[in-house]
$ cat final_33.pdb   # PDB, C-alpha atoms
ATOM      1  CA  MET A   1      65.848   1.517 -63.489
ATOM      2  CA  ARG A   2      63.600   4.421 -62.540
ATOM      3  CA  THR A   3      62.592   4.503 -58.867
ATOM      4  CA  GLY A   4      60.709   6.736 -56.483
ATOM      5  CA  VAL A   5      62.280   9.702 -54.749
ATOM      6  CA  PRO A   6      62.090   9.518 -50.946
ATOM      7  CA  GLY A   7      60.181  12.449 -49.452
ATOM      8  CA  LEU A   8      58.859  13.684 -52.802
ATOM      9  CA  ALA A   9      55.696  15.653 -52.100
ATOM     10  CA  SER A  10      52.696  15.001 -54.300
ATOM     11  CA  PRO A  11      51.695  17.916 -56.535
ATOM     12  CA  HIS A  12      48.040  17.010 -55.903
ATOM     13  CA  PRO A  13      47.607  15.538 -52.384
ATOM     14  CA  ILE A  14      44.573  13.278 -52.270
ATOM     15  CA  GLY A  15      43.740  14.087 -48.624
ATOM     16  CA  GLU A  16      43.270  17.787 -49.434
ATOM     17  CA  GLN A  17      40.781  16.960 -52.180
ATOM     18  CA  LEU A  18      38.457  14.871 -49.996
ATOM     19  CA  PRO A  19      35.272  16.290 -48.433
ATOM     20  CA  ALA A  20      35.782  18.326 -45.227
ATOM     21  CA  VAL A  21      34.447  15.508 -43.023
ATOM     22  CA  TYR A  22      37.683  13.543 -43.742
ATOM     23  CA  ALA A  23      40.058  16.478 -43.122
ATOM     24  CA  GLU A  24      40.395  15.611 -39.391
ATOM     25  CA  ASP A  25      40.330  11.820 -39.781
ATOM     26  CA  ARG A  26      43.884  10.601 -39.025
ATOM     27  CA  PHE A  27      43.345   7.176 -40.605
ATOM     28  CA  VAL A  28      42.049   8.625 -43.886
ATOM     29  CA  GLN A  29      44.791  11.277 -44.016
ATOM     30  CA  GLY A  30      47.461   8.637 -43.278
ATOM     31  CA  PHE A  31      46.064   6.286 -45.904
ATOM     32  CA  THR A  32      45.850   8.976 -48.579
ATOM     33  CA  GLY A  33      49.310  10.220 -47.557
ATOM     34  CA  ALA A  34      50.708   6.734 -48.306
ATOM     35  CA  LEU A  35      48.966   6.803 -51.687
ATOM     36  CA  ASP A  36      50.442  10.259 -52.330
ATOM     37  CA  GLU A  37      53.927   8.895 -51.631
ATOM     38  CA  VAL A  38      53.438   6.100 -54.167
ATOM     39  CA  LEU A  39      51.748   8.273 -56.799
ATOM     40  CA  ALA A  40      53.972  11.384 -56.553
ATOM     41  CA  PRO A  41      56.731  10.027 -58.873
ATOM     42  CA  VAL A  42      54.090   8.902 -61.382
ATOM     43  CA  LEU A  43      52.386  12.299 -61.394
ATOM     44  CA  TYR A  44      55.704  14.159 -61.783
ATOM     45  CA  THR A  45      56.726  11.842 -64.616
ATOM     46  CA  LEU A  46      53.421  12.389 -66.410
ATOM     47  CA  ASP A  47      53.681  16.152 -65.876
ATOM     48  CA  ASN A  48      57.157  16.056 -67.481
ATOM     49  CA  VAL A  49      56.642  13.411 -70.174
ATOM     50  CA  ALA A  50      57.735  15.816 -72.926
ATOM     51  CA  GLY A  51      61.092  16.145 -71.168
ATOM     52  CA  TYR A  52      61.481  12.367 -71.054
ATOM     53  CA  LEU A  53      60.941  12.157 -74.819
ATOM     54  CA  ASP A  54      63.516  14.867 -75.601
ATOM     55  CA  PRO A  55      67.027  13.312 -75.666
ATOM     56  CA  GLY A  56      68.525  16.656 -74.613
ATOM     57  CA  LEU A  57      66.421  16.810 -71.436
ATOM     58  CA  ALA A  58      65.720  13.175 -70.544
ATOM     59  CA  PRO A  59      67.429  11.623 -67.512
ATOM     60  CA  GLU A  60      70.696   9.941 -68.479
ATOM     61  CA  ASP A  61      69.443   6.419 -67.793
ATOM     62  CA  PHE A  62      66.369   7.024 -69.958
ATOM     63  CA  VAL A  63      68.318   8.138 -73.056
ATOM     64  CA  GLY A  64      69.476   4.551 -73.670
ATOM     65  CA  TRP A  65      65.849   3.491 -73.711
ATOM     66  CA  LEU A  66      65.045   6.231 -76.240
ATOM     67  CA  ALA A  67      67.905   4.916 -78.386
ATOM     68  CA  HIS A  68      66.160   1.549 -78.622
ATOM     69  CA  TRP A  69      62.924   3.289 -79.613
ATOM     70  CA  VAL A  70      64.669   4.821 -82.646
ATOM     71  CA  ALA A  71      66.450   1.542 -83.603
ATOM     72  CA  LEU A  72      69.877   2.721 -82.476
ATOM     73  CA  ARG A  73      72.041  -0.047 -81.061
ATOM     74  CA  VAL A  74      73.857   1.398 -78.052
ATOM     75  CA  ASP A  75      77.589   0.877 -77.662
ATOM     76  CA  GLU A  76      78.784   0.955 -74.046
ATOM     77  CA  SER A  77      81.866   2.951 -75.078
ATOM     78  CA  TRP A  78      79.753   5.976 -76.078
ATOM     79  CA  SER A  79      79.754   8.881 -73.695
ATOM     80  CA  PRO A  80      76.380  10.177 -72.452
ATOM     81  CA  ALA A  81      76.842  13.266 -74.648
ATOM     82  CA  GLN A  82      77.484  11.103 -77.733
ATOM     83  CA  LEU A  83      74.435   8.984 -76.992
ATOM     84  CA  ARG A  84      72.229  12.075 -76.611
ATOM     85  CA  GLN A  85      73.577  13.474 -79.900
ATOM     86  CA  LEU A  86      73.032  10.190 -81.755
ATOM     87  CA  VAL A  87      69.477   9.811 -80.462
ATOM     88  CA  THR A  88      68.724  13.442 -81.309
ATOM     89  CA  ARG A  89      70.023  13.020 -84.865
ATOM     90  CA  SER A  90      68.730   9.441 -85.359
ATOM     91  CA  VAL A  91      65.860  10.333 -87.700
ATOM     92  CA  GLU A  92      68.190  12.263 -89.974
ATOM     93  CA  LEU A  93      70.801   9.496 -89.779
ATOM     94  CA  HIS A  94      68.169   6.912 -90.769
ATOM     95  CA  ARG A  95      67.041   9.135 -93.635
ATOM     96  CA  TRP A  96      70.592   9.236 -95.039
ATOM     97  CA  ARG A  97      71.510   5.638 -94.115
ATOM     98  CA  GLY A  98      73.532   3.880 -96.815
ATOM     99  CA  THR A  99      74.756   7.124 -98.397
ATOM    100  CA  ARG A 100      78.118   8.869 -98.175
ATOM    101  CA  ARG A 101      76.568  11.755 -96.307
ATOM    102  CA  GLY A 102      74.825   9.530 -93.770
ATOM    103  CA  LEU A 103      77.920   7.442 -93.184
ATOM    104  CA  ALA A 104      80.143  10.508 -92.789
ATOM    105  CA  GLU A 105      77.743  12.139 -90.309
ATOM    106  CA  HIS A 106      77.340   8.945 -88.287
ATOM    107  CA  VAL A 107      81.109   8.340 -88.064
ATOM    108  CA  GLY A 108      81.669  12.024 -87.294
ATOM    109  CA  LEU A 109      79.262  11.852 -84.353
ATOM    110  CA  LEU A 110      80.964   8.720 -83.029
ATOM    111  CA  THR A 111      84.544   9.967 -83.320
ATOM    112  CA  GLY A 112      84.326  13.745 -83.282
ATOM    113  CA  GLY A 113      86.771  13.765 -86.193
ATOM    114  CA  ALA A 114      86.823  14.939 -89.783
ATOM    115  CA  VAL A 115      85.463  12.135 -91.971
ATOM    116  CA  GLU A 116      86.159  11.411 -95.621
ATOM    117  CA  VAL A 117      84.131   8.690 -97.353
ATOM    118  CA  THR A 118      85.019   7.326-100.785
ATOM    119  CA  ASP A 119      83.354   4.449-102.575
ATOM    120  CA  SER A 120      83.447   2.441-105.791
ATOM    121  CA  GLY A 121      80.342   4.087-107.169
ATOM    122  CA  GLY A 122      77.156   2.372-108.128
ATOM    123  CA  VAL A 123      76.546   2.605-111.879
ATOM    124  CA  VAL A 124      78.022   0.670-114.795
ATOM    125  CA  ALA A 125      77.085   1.401-118.386
ATOM    126  CA  SER A 126      77.937   0.211-121.866
ATOM    127  CA  PRO A 127      77.959   2.524-124.879
ATOM    128  CA  GLU A 128      76.286  -0.173-127.012
ATOM    129  CA  PRO A 129      72.759  -1.446-126.351
ATOM    130  CA  GLY A 130      72.595  -5.136-125.419
ATOM    131  CA  ALA A 131      76.377  -5.420-125.007
ATOM    132  CA  PRO A 132      77.680  -7.039-121.824
ATOM    133  CA  LEU A 133      78.422  -4.631-119.035
ATOM    134  CA  PRO A 134      82.016  -4.057-117.994
ATOM    135  CA  ASP A 135      82.999  -5.694-114.699
ATOM    136  CA  PRO A 136      83.514  -2.890-112.161
ATOM    137  CA  GLY A 137      84.879  -5.302-109.538
ATOM    138  CA  PRO A 138      83.448  -5.795-106.072
ATOM    139  CA  PRO A 139      81.873  -2.709-104.468
ATOM    140  CA  TRP A 140      83.846  -1.057-101.671
ATOM    141  CA  VAL A 141      83.750   1.883 -99.302
ATOM    142  CA  GLN A 142      86.693   3.509 -97.558
ATOM    143  CA  VAL A 143      86.293   5.687 -94.479
ATOM    144  CA  ARG A 144      89.144   7.934 -93.329
ATOM    145  CA  VAL A 145      88.792   9.666 -90.000
ATOM    146  CA  ARG A 146      91.172  12.364 -88.817
ATOM    147  CA  VAL A 147      91.205  12.851 -85.052
ATOM    148  CA  PRO A 148      93.721  14.508 -82.672
ATOM    149  CA  ASP A 149      94.441  11.209 -80.866
ATOM    150  CA  PRO A 150      93.868   8.072 -82.986
ATOM    151  CA  ALA A 151      94.585   5.826 -79.980
ATOM    152  CA  ARG A 152      91.290   6.969 -78.403
ATOM    153  CA  VAL A 153      89.242   5.507 -81.282
ATOM    154  CA  ASP A 154      88.387   1.812 -81.133
ATOM    155  CA  VAL A 155      88.907   0.922 -84.802
ATOM    156  CA  ARG A 156      87.300  -2.520 -84.393
ATOM    157  CA  ARG A 157      84.050  -1.045 -83.050
ATOM    158  CA  LEU A 158      84.085   1.768 -85.593
ATOM    159  CA  THR A 159      84.551  -0.751 -88.417
ATOM    160  CA  ALA A 160      81.654  -2.838 -87.080
ATOM    161  CA  THR A 161      79.459   0.281 -87.067
ATOM    162  CA  VAL A 162      80.422   1.117 -90.661
ATOM    163  CA  VAL A 163      79.823  -2.497 -91.782
ATOM    164  CA  GLU A 164      76.358  -2.332 -90.225
ATOM    165  CA  ALA A 165      75.592   0.939 -92.029
ATOM    166  CA  VAL A 166      76.453  -0.172 -95.576
ATOM    167  CA  PRO A 167      74.896  -2.929 -97.725
ATOM    168  CA  ALA A 168      76.078  -6.437 -96.815
ATOM    169  CA  HIS A 169      77.977  -7.063-100.076
ATOM    170  CA  VAL A 170      80.171  -3.943 -99.809
ATOM    171  CA  ARG A 171      83.791  -4.323 -98.651
ATOM    172  CA  VAL A 172      84.709  -1.864 -95.888
ATOM    173  CA  THR A 173      88.047  -0.256 -95.052
ATOM    174  CA  VAL A 174      88.386   2.096 -92.068
ATOM    175  CA  GLU A 175      91.452   4.211 -91.374
ATOM    176  CA  VAL A 176      91.917   6.421 -88.324
ATOM    177  CA  LEU A 177      94.625   9.021 -88.827
ATOM    178  CA  GLU A 178      96.090  11.823 -86.755
ATOM    179  CA  GLY A 179      95.035  15.206 -87.910
TER     180      GLY A 179
END

$ encode --input "final_33.pdb" --output "structure tokens"
Amino acid sequence: MRTGVPGLASPHPIGEQLPAVYAEDRFVQGFTGALDEVLAPVLYTLDNVAGYLDPGLAPEDFVGWLAHWVALRVDESWSPAQLRQLVTRSVELHRWRGTRRGLAEHVGLLTGGAVEVTDSGGVVASPEPGAPLPDPGPPWVQVRVRVPDPARVDVRRLTATVVEAVPAHVRVTVEVLEG
């Protein structure tokens, strides 16, 4: 949760902007000083809103919020650097969602490994018009990830991420190998 910063000076003190007659009034200066203390974090946030919307610059606790804005479900096992990278690349990942390329890039960002995606393909044809189509079998996708230390990859979570990224009827196989 975002909170105020104790002792943060206001960039635009209200007391200094009042008419000169109030410059010596201790009550007015104290009252406006209290308002300055409350408003200073708001003014600094508004002055730096572009930085809050940039995943590379945003405060660490705010990046998770940005992830929800771009429909990225956050996994607690992700490092802050991974989360920043995923939020930064989220538009591109959504653009390629459901494709080999998109799946490979998404898994690569999550694991840091070399990713190979193979699938059953998506087209069946018959050489004769009106003839029944050959049965290609159930659709499937296989993801192989090569990482230096396979023990550091949670295969269950990675498989859940892959299952979420492909159509519901597609069988998924995930292998994490040393390499």

$ resolve_selection --input "final_33.pdb" --expression "the PyMOL selection byres ((chain A and resi 170) around 9)" --output "list in words"
Pro138, Pro139, Trp140, Val141, Val163, Val166, Pro167, Ala168, His169, Arg171 and Val172 of chain A

$ atom_distance --input "final_33.pdb" --atom1 "CA of Thr118 in chain A" --atom2 "CA of Arg101 in chain A"
10.5 Å

$ residues_around --input "final_33.pdb" --residues "range 112-117 of chain A" --least-positions-apart "4" --cutoff "6 Å" --atoms "all atoms listed in the file" --output "mmCIF file with C-alpha atoms, keeping the file's coordinate frame"
data_model
loop_
_atom_site.group_PDB
_atom_site.id
_atom_site.type_symbol
_atom_site.label_atom_id
_atom_site.label_comp_id
_atom_site.auth_asym_id
_atom_site.auth_seq_id
_atom_site.Cartn_x
_atom_site.Cartn_y
_atom_site.Cartn_z
ATOM 1 C CA ALA A 104 80.143 10.508 -92.789
ATOM 2 C CA GLY A 108 81.669 12.024 -87.294
ATOM 3 C CA GLN A 142 86.693 3.509 -97.558
ATOM 4 C CA VAL A 143 86.293 5.687 -94.479
ATOM 5 C CA ARG A 144 89.144 7.934 -93.329
ATOM 6 C CA VAL A 145 88.792 9.666 -90.000
ATOM 7 C CA ARG A 146 91.172 12.364 -88.817
ATOM 8 C CA VAL A 147 91.205 12.851 -85.052
#

$ atom_distance --input "final_33.pdb" --atom1 "CA of Gly98 in chain A" --atom2 "CA of Glu164 in chain A"
9.5 Å

$ closest_residue --input "final_33.pdb" --among "A:Asp25, A:Ala40, A:Gly130, A:Arg84" --to "Leu57 in chain A" --atoms "all atoms listed in the file"
A:Arg84

$ resolve_selection --input "final_33.pdb" --expression "the PyMOL selection byres ((chain A and resi 123) around 12)" --output "list in words"
Asp119, Ser120, Gly121, Gly122, Val124, Ala125, Ser126, Leu133, Pro134, Asp135, Pro136, Gly137 and Pro139 of chain A

$ resolve_selection --input "final_33.pdb" --expression "the PyMOL selection byres ((chain A and resi 94) around 12)" --output "ChimeraX atom specification"
/A:70-72,86-93,95-99,101-103,105-106,165-166

$ closest_residue --input "final_33.pdb" --among "A:Pro11, A:Pro6, A:Thr111, A:Ala20" --to "Leu46 in chain A" --atoms "only C-alpha atoms"
A:Pro11

$ residues_around --input "final_33.pdb" --residues "Val63 in chain A" --least-positions-apart "6" --cutoff "9 Å" --atoms "all atoms listed in the file" --output "PyMOL selection string"
chain A and resi 52-56+80+83-84+87

$ residues_around --input "final_33.pdb" --residues "Trp78 in chain A" --least-positions-apart "3" --cutoff "12 Å" --atoms "all atoms listed in the file" --output "ChimeraX atom specification"
/A:64,73-75,81-87,109-112,152-154,157-158

$ atom_distance --input "final_33.pdb" --atom1 "CA of Gly33 in chain A" --atom2 "CA of Leu18 in chain A"
12.1 Å
